[in-house]
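Student: Let me begin by handing over the structure; questions about it come next.
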Amino acid sequence: MHMLGRFVAVTALFVGLHGVTAAQHGHPLVGTWSGYWGPNDEERNRVLLLLEYDGERIGGIINPGPKPYPKTNATLDAPTWTVVLEGSREDSDGNTIEYRIEGRIENVTSPSERSISGEWVQGDVVGDFSVTLN
């Protein structure tokens with residue numbers, strides 16, 4: 001009976017560890033991404049993307065905090081790993097600013113080196129961006 005108890009305990013441990021490691025390897029888009037965007041090397045803006053994906057819909061928040069960027073449209077082209085996030089937000093003067101973020105997920109199979117980079121358009125400002133998975 002003692003051996004059966006040990007077997008059950010060891011099996012439960014391995015099943016539990018598998019659940020923890022499996023939860024860390026979700027869809028390549030899911031996670032917390034941080035980096036910068038801007039129109040040139042001197043003008044850079046910190047950016048934080050908290051992204052979710054349920055297989056059909058991209059959810060999450062862009063720059064969480066008191067003035068997050070609300071998304072109105074988000075798409076993922078899985079064959080090319082291109083993601084597009086679009087929406088509008090108010091600036092400090094109350095003006096509505098449209099934005100469009102389009103980038104490609106790089107190193108899709110590497111959780112430690114995964115990144116998204118591409119073009120960030122906010123109002124009439126066009127720049128590049130790069131974020132890495134944290």
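Convention: chains lettered A, B, ... in structure tokens order; per-chain residue numbering from 1; ligands numbered from 1 as shown.
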Give me, as an NGL selection string, the residues of chain A that a backbone DSSP run labels helix (DSSP H, G or I).

Tutor: :A and (2-23)

Student: Give me, as a JSON list (two decimals) with all heavy atoms, in the first residue's frame, all polymer residues having an atom no more than 9 Å from region 102-116 of chain A, counting only C-alpha atoms and skipping those fewer than 4 positions away in the same chain.

Tutor:
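Contents of result-v9.json, freshly written:
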[["chain", "number", "residue", "atom", "x", "y", "z"],
["A", 24, "GLN", "N", 2.58, 27.79, -19.74],
["A", 24, "GLN", "CA", 3.53, 28.81, -20.14],
["A", 24, "GLN", "C", 3.76, 28.84, -21.64],
["A", 24, "GLN", "O", 4.41, 29.73, -22.15],
["A", 24, "GLN", "CB", 4.86, 28.57, -19.43],
["A", 24, "GLN", "CG", 4.76, 28.76, -17.93],
["A", 24, "GLN", "CD", 6.05, 28.38, -17.24],
["A", 24, "GLN", "OE1", 6.96, 27.84, -17.83],
["A", 24, "GLN", "NE2", 6.13, 28.67, -15.96],
["A", 25, "HIS", "N", 3.26, 27.86, -22.37],
["A", 25, "HIS", "CA", 3.47, 27.78, -23.81],
["A", 25, "HIS", "C", 2.14, 27.92, -24.53],
["A", 25, "HIS", "O", 1.63, 26.96, -25.09],
["A", 25, "HIS", "CB", 4.15, 26.46, -24.18],
["A", 25, "HIS", "CG", 5.50, 26.32, -23.58],
["A", 25, "HIS", "ND1", 6.58, 27.03, -24.04],
["A", 25, "HIS", "CD2", 5.95, 25.60, -22.55],
["A", 25, "HIS", "CE1", 7.64, 26.72, -23.31],
["A", 25, "HIS", "NE2", 7.28, 25.86, -22.40],
["A", 28, "PRO", "N", 1.48, 32.12, -29.64],
["A", 28, "PRO", "CA", 2.62, 33.05, -29.73],
["A", 28, "PRO", "C", 2.28, 34.53, -29.54],
["A", 28, "PRO", "O", 3.15, 35.32, -29.21],
["A", 28, "PRO", "CB", 3.15, 32.81, -31.15],
["A", 28, "PRO", "CG", 2.76, 31.42, -31.46],
["A", 28, "PRO", "CD", 1.43, 31.22, -30.78],
["A", 29, "LEU", "N", 1.03, 34.93, -29.71],
["A", 29, "LEU", "CA", 0.65, 36.33, -29.54],
["A", 29, "LEU", "C", 0.39, 36.68, -28.07],
["A", 29, "LEU", "O", 0.52, 37.82, -27.67],
["A", 29, "LEU", "CB", -0.59, 36.62, -30.38],
["A", 29, "LEU", "CG", -1.08, 38.06, -30.44],
["A", 29, "LEU", "CD1", 0.00, 38.97, -31.02],
["A", 29, "LEU", "CD2", -2.34, 38.15, -31.26],
["A", 33, "TRP", "N", 4.08, 42.34, -23.71],
["A", 33, "TRP", "CA", 5.11, 42.78, -24.65],
["A", 33, "TRP", "C", 5.52, 44.20, -24.27],
["A", 33, "TRP", "O", 4.67, 45.06, -24.05],
["A", 33, "TRP", "CB", 4.55, 42.80, -26.07],
["A", 33, "TRP", "CG", 4.01, 41.50, -26.55],
["A", 33, "TRP", "CD1", 2.78, 40.97, -26.28],
["A", 33, "TRP", "CD2", 4.67, 40.56, -27.39],
["A", 33, "TRP", "NE1", 2.65, 39.76, -26.91],
["A", 33, "TRP", "CE2", 3.79, 39.49, -27.59],
["A", 33, "TRP", "CE3", 5.92, 40.52, -27.99],
["A", 33, "TRP", "CZ2", 4.12, 38.38, -28.38],
["A", 33, "TRP", "CZ3", 6.25, 39.43, -28.77],
["A", 33, "TRP", "CH2", 5.36, 38.38, -28.96],
["A", 80, "THR", "N", 1.46, 34.46, -41.98],
["A", 80, "THR", "CA", 2.60, 35.39, -42.03],
["A", 80, "THR", "C", 2.95, 35.92, -40.64],
["A", 80, "THR", "O", 3.90, 36.69, -40.50],
["A", 80, "THR", "CB", 2.31, 36.59, -42.93],
["A", 80, "THR", "OG1", 1.21, 37.34, -42.38],
["A", 80, "THR", "CG2", 1.99, 36.16, -44.34],
["A", 81, "TRP", "N", 2.18, 35.55, -39.61],
["A", 81, "TRP", "CA", 2.35, 36.01, -38.25],
["A", 81, "TRP", "C", 2.32, 37.54, -38.16],
["A", 81, "TRP", "O", 3.06, 38.16, -37.41],
["A", 81, "TRP", "CB", 3.61, 35.44, -37.59],
["A", 81, "TRP", "CG", 3.49, 33.98, -37.38],
["A", 81, "TRP", "CD1", 4.16, 33.00, -38.05],
["A", 81, "TRP", "CD2", 2.62, 33.31, -36.48],
["A", 81, "TRP", "NE1", 3.74, 31.76, -37.61],
["A", 81, "TRP", "CE2", 2.81, 31.93, -36.64],
["A", 81, "TRP", "CE3", 1.68, 33.74, -35.53],
["A", 81, "TRP", "CZ2", 2.10, 30.99, -35.90],
["A", 81, "TRP", "CZ3", 0.99, 32.79, -34.80],
["A", 81, "TRP", "CH2", 1.21, 31.45, -34.98],
["A", 82, "THR", "N", 1.44, 38.15, -38.96],
["A", 82, "THR", "CA", 1.27, 39.60, -38.94],
["A", 82, "THR", "C", 0.06, 39.96, -38.10],
["A", 82, "THR", "O", -1.02, 39.41, -38.28],
["A", 82, "THR", "CB", 1.09, 40.15, -40.38],
["A", 82, "THR", "OG1", 2.25, 39.80, -41.15],
["A", 82, "THR", "CG2", 0.91, 41.65, -40.38],
["A", 83, "VAL", "N", 0.26, 40.88, -37.17],
["A", 83, "VAL", "CA", -0.81, 41.34, -36.30],
["A", 83, "VAL", "C", -1.07, 42.82, -36.56],
["A", 83, "VAL", "O", -0.14, 43.59, -36.82],
["A", 83, "VAL", "CB", -0.47, 41.09, -34.81],
["A", 83, "VAL", "CG1", 0.77, 41.84, -34.39],
["A", 83, "VAL", "CG2", -1.63, 41.43, -33.91],
["A", 84, "VAL", "N", -2.35, 43.20, -36.58],
["A", 84, "VAL", "CA", -2.75, 44.60, -36.78],
["A", 84, "VAL", "C", -3.69, 44.99, -35.64],
["A", 84, "VAL", "O", -4.65, 44.28, -35.34],
["A", 84, "VAL", "CB", -3.48, 44.79, -38.13],
["A", 84, "VAL", "CG1", -3.98, 46.22, -38.27],
["A", 84, "VAL", "CG2", -2.58, 44.42, -39.29],
["A", 85, "LEU", "N", -3.38, 46.11, -35.00],
["A", 85, "LEU", "CA", -4.21, 46.67, -33.93],
["A", 85, "LEU", "C", -4.60, 48.08, -34.36],
["A", 85, "LEU", "O", -3.73, 48.87, -34.74],
["A", 85, "LEU", "CB", -3.45, 46.72, -32.62],
["A", 85, "LEU", "CG", -2.81, 45.41, -32.15],
["A", 85, "LEU", "CD1", -1.91, 45.66, -30.95],
["A", 85, "LEU", "CD2", -3.87, 44.38, -31.82],
["A", 86, "GLU", "N", -5.88, 48.40, -34.30],
["A", 86, "GLU", "CA", -6.37, 49.72, -34.71],
["A", 86, "GLU", "C", -7.32, 50.27, -33.67],
["A", 86, "GLU", "O", -7.99, 49.51, -32.97],
["A", 86, "GLU", "CB", -7.10, 49.63, -36.04],
["A", 86, "GLU", "CG", -6.25, 49.17, -37.19],
["A", 86, "GLU", "CD", -7.05, 48.97, -38.46],
["A", 86, "GLU", "OE1", -8.10, 48.30, -38.40],
["A", 86, "GLU", "OE2", -6.62, 49.48, -39.49],
["A", 120, "TRP", "N", 4.11, 51.85, -36.75],
["A", 120, "TRP", "CA", 3.16, 52.43, -35.80],
["A", 120, "TRP", "C", 2.75, 53.78, -36.37],
["A", 120, "TRP", "O", 3.58, 54.67, -36.56],
["A", 120, "TRP", "CB", 3.82, 52.61, -34.45],
["A", 120, "TRP", "CG", 2.95, 53.08, -33.33],
["A", 120, "TRP", "CD1", 2.25, 54.26, -33.25],
["A", 120, "TRP", "CD2", 2.68, 52.38, -32.12],
["A", 120, "TRP", "NE1", 1.59, 54.33, -32.06],
["A", 120, "TRP", "CE2", 1.82, 53.20, -31.35],
["A", 120, "TRP", "CE3", 3.08, 51.14, -31.60],
["A", 120, "TRP", "CZ2", 1.36, 52.82, -30.09],
["A", 120, "TRP", "CZ3", 2.63, 50.78, -30.35],
["A", 120, "TRP", "CH2", 1.77, 51.61, -29.61],
["A", 121, "VAL", "N", 1.45, 53.95, -36.66],
["A", 121, "VAL", "CA", 0.92, 55.22, -37.17],
["A", 121, "VAL", "C", -0.05, 55.75, -36.12],
["A", 121, "VAL", "O", -1.00, 55.06, -35.74],
["A", 121, "VAL", "CB", 0.19, 55.03, -38.52],
["A", 121, "VAL", "CG1", -0.38, 56.35, -39.00],
["A", 121, "VAL", "CG2", 1.12, 54.41, -39.55],
["A", 129, "PHE", "N", 8.16, 50.45, -34.56],
["A", 129, "PHE", "CA", 8.08, 49.97, -33.19],
["A", 129, "PHE", "C", 8.72, 48.60, -33.09],
["A", 129, "PHE", "O", 8.83, 47.87, -34.08],
["A", 129, "PHE", "CB", 6.63, 49.93, -32.68],
["A", 129, "PHE", "CG", 5.87, 48.71, -33.11],
["A", 129, "PHE", "CD1", 5.73, 47.62, -32.25],
["A", 129, "PHE", "CD2", 5.30, 48.63, -34.34],
["A", 129, "PHE", "CE1", 5.02, 46.50, -32.63],
["A", 129, "PHE", "CE2", 4.58, 47.52, -34.74],
["A", 129, "PHE", "CZ", 4.45, 46.44, -33.88],
["A", 130, "SER", "N", 9.10, 48.26, -31.88],
["A", 130, "SER", "CA", 9.64, 46.94, -31.59],
["A", 130, "SER", "C", 9.33, 46.63, -30.14],
["A", 130, "SER", "O", 9.62, 47.43, -29.25],
["A", 130, "SER", "CB", 11.14, 46.89, -31.84],
["A", 130, "SER", "OG", 11.62, 45.59, -31.58],
["A", 131, "VAL", "N", 8.71, 45.46, -29.91],
["A", 131, "VAL", "CA", 8.41, 45.01, -28.56],
["A", 131, "VAL", "C", 8.89, 43.56, -28.42],
["A", 131, "VAL", "O", 8.94, 42.81, -29.41],
["A", 131, "VAL", "CB", 6.90, 45.10, -28.23],
["A", 131, "VAL", "CG1", 6.45, 46.55, -28.15],
["A", 131, "VAL", "CG2", 6.05, 44.34, -29.23],
["A", 132, "THR", "N", 9.26, 43.20, -27.21],
["A", 132, "THR", "CA", 9.66, 41.83, -26.93],
["A", 132, "THR", "C", 8.75, 41.25, -25.87],
["A", 132, "THR", "O", 8.21, 41.97, -25.02],
["A", 132, "THR", "CB", 11.12, 41.74, -26.46],
["A", 132, "THR", "OG1", 11.30, 42.57, -25.33],
["A", 132, "THR", "CG2", 12.08, 42.17, -27.56],
["A", 133, "LEU", "N", 8.60, 39.94, -25.92],
["A", 133, "LEU", "CA", 7.76, 39.23, -24.96],
["A", 133, "LEU", "C", 8.50, 39.14, -23.63],
["A", 133, "LEU", "O", 9.66, 38.74, -23.58],
["A", 133, "LEU", "CB", 7.45, 37.82, -25.48],
["A", 133, "LEU", "CG", 6.52, 36.97, -24.64],
["A", 133, "LEU", "CD1", 5.13, 37.61, -24.57],
["A", 133, "LEU", "CD2", 6.42, 35.58, -25.23],
["A", 134, "ASN", "N", 7.83, 39.55, -22.56],
["A", 134, "ASN", "CA", 8.44, 39.50, -21.23],
["A", 134, "ASN", "C", 8.09, 38.20, -20.54],
["A", 134, "ASN", "O", 7.13, 37.60, -20.73],
["A", 134, "ASN", "CB", 7.95, 40.66, -20.36],
["A", 134, "ASN", "CG", 8.43, 41.98, -20.92],
["A", 134, "ASN", "OD1", 9.45, 42.06, -21.56],
["A", 134, "ASN", "ND2", 7.66, 43.00, -20.67]]

Student: My list of candidates is A:Pro64, A:Gly123, A:Gly118, A:Gly26. Which is closest to Ser88 (chain A) when distances are computed with only C-alpha atoms?

Tutor: A:Gly123

Student: If you measure from CA of Tyr36 (chain A) to CA of Ile58 (chain A), what distance in Å do you get, rounded to one decimal?

Tutor: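 Interatomic distance here is 20.9 Å.
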
Student: Skipping near chain neighbours, those fewer than 4 positions away, what residues fall within 12 Å of Gln122 (chain A) using only C-alpha atoms, listed as a ChimeraX atom specification?

Tutor: /A:37-39,45,69,85-91,96-102,126-129

Student: To one decimal in Å, tell me the separation between CA of Asp93 (chain A) and CA of Pro70 (chain A).

Tutor: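 So the answer is 17.4 Å.
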
Student: Between A:Asp54, A:Thr32, A:Glu42, A:Gly94, which one has atoms that come closest to Leu76 (chain A), using only C-alpha atoms?

Tutor: A:Asp54

Student: Rounded to one decimal in Å, what is the spacing between CA of Arg57 (chain A) and CA of Glu119 (chain A)?

Tutor: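 Calculated distance between CA of Arg57 (chain A) and CA of Glu119 (chain A) is 21.5 Å.
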
Student: Name the residues in contact with Gly59 (chain A) at a cut-off of 9 Å, using only C-alpha atoms, excluding same-chain residues fewer than 3 positions from it; report them as a list in words.

Tutor: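 Contacts, in chain order: Leu50, Leu51, Glu52, Tyr53, Asp54, Lys71 and Ala74 of chain A.
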
Student: Just to be explicit: take each residue in the selection above, keep N, CA, C and O atoms, and write the result as a compact mmCIF listing (two decimals), in the first residue's frame.

Tutor:
# COMPACT_ATOMS: atom_id res chain seq x y z
N LEU A 50 -0.54 44.23 -23.55
CA LEU A 50 -0.99 43.04 -22.83
C LEU A 50 -1.97 42.36 -23.77
O LEU A 50 -3.10 42.82 -23.93
N LEU A 51 -1.55 41.28 -24.43
CA LEU A 51 -2.35 40.67 -25.47
C LEU A 51 -2.86 39.29 -25.08
O LEU A 51 -2.15 38.50 -24.46
N GLU A 52 -4.09 39.02 -25.50
CA GLU A 52 -4.74 37.73 -25.31
C GLU A 52 -5.25 37.27 -26.66
O GLU A 52 -5.51 38.09 -27.54
N TYR A 53 -5.39 35.96 -26.82
CA TYR A 53 -5.94 35.42 -28.06
C TYR A 53 -6.66 34.12 -27.73
O TYR A 53 -6.07 33.22 -27.15
N ASP A 54 -7.94 34.03 -28.10
CA ASP A 54 -8.72 32.84 -27.79
C ASP A 54 -8.91 31.93 -29.01
O ASP A 54 -9.74 31.04 -29.00
N LYS A 71 -8.82 49.35 -28.30
CA LYS A 71 -8.77 48.74 -29.63
C LYS A 71 -10.18 48.68 -30.20
O LYS A 71 -11.12 48.33 -29.51
N ALA A 74 -8.71 44.32 -34.29
CA ALA A 74 -7.46 43.59 -34.10
C ALA A 74 -7.53 42.31 -34.93
O ALA A 74 -8.51 41.58 -34.87

Student: Quick one: DSSP strand (DSSP E or B) residues in region 20-101 of chain A, as a ChimeraX atom specification?

Tutor: /A:31-38,45-53,58-62,69,71-77,82-90,96-101

Student: Give the answer as one residue: which of A:Gly65, A:Asn95, A:Val125, A:Ser117 has the shortest atom-to-atom distance to Gly35 (chain A), using only C-alpha atoms?

Tutor: A:Ser117
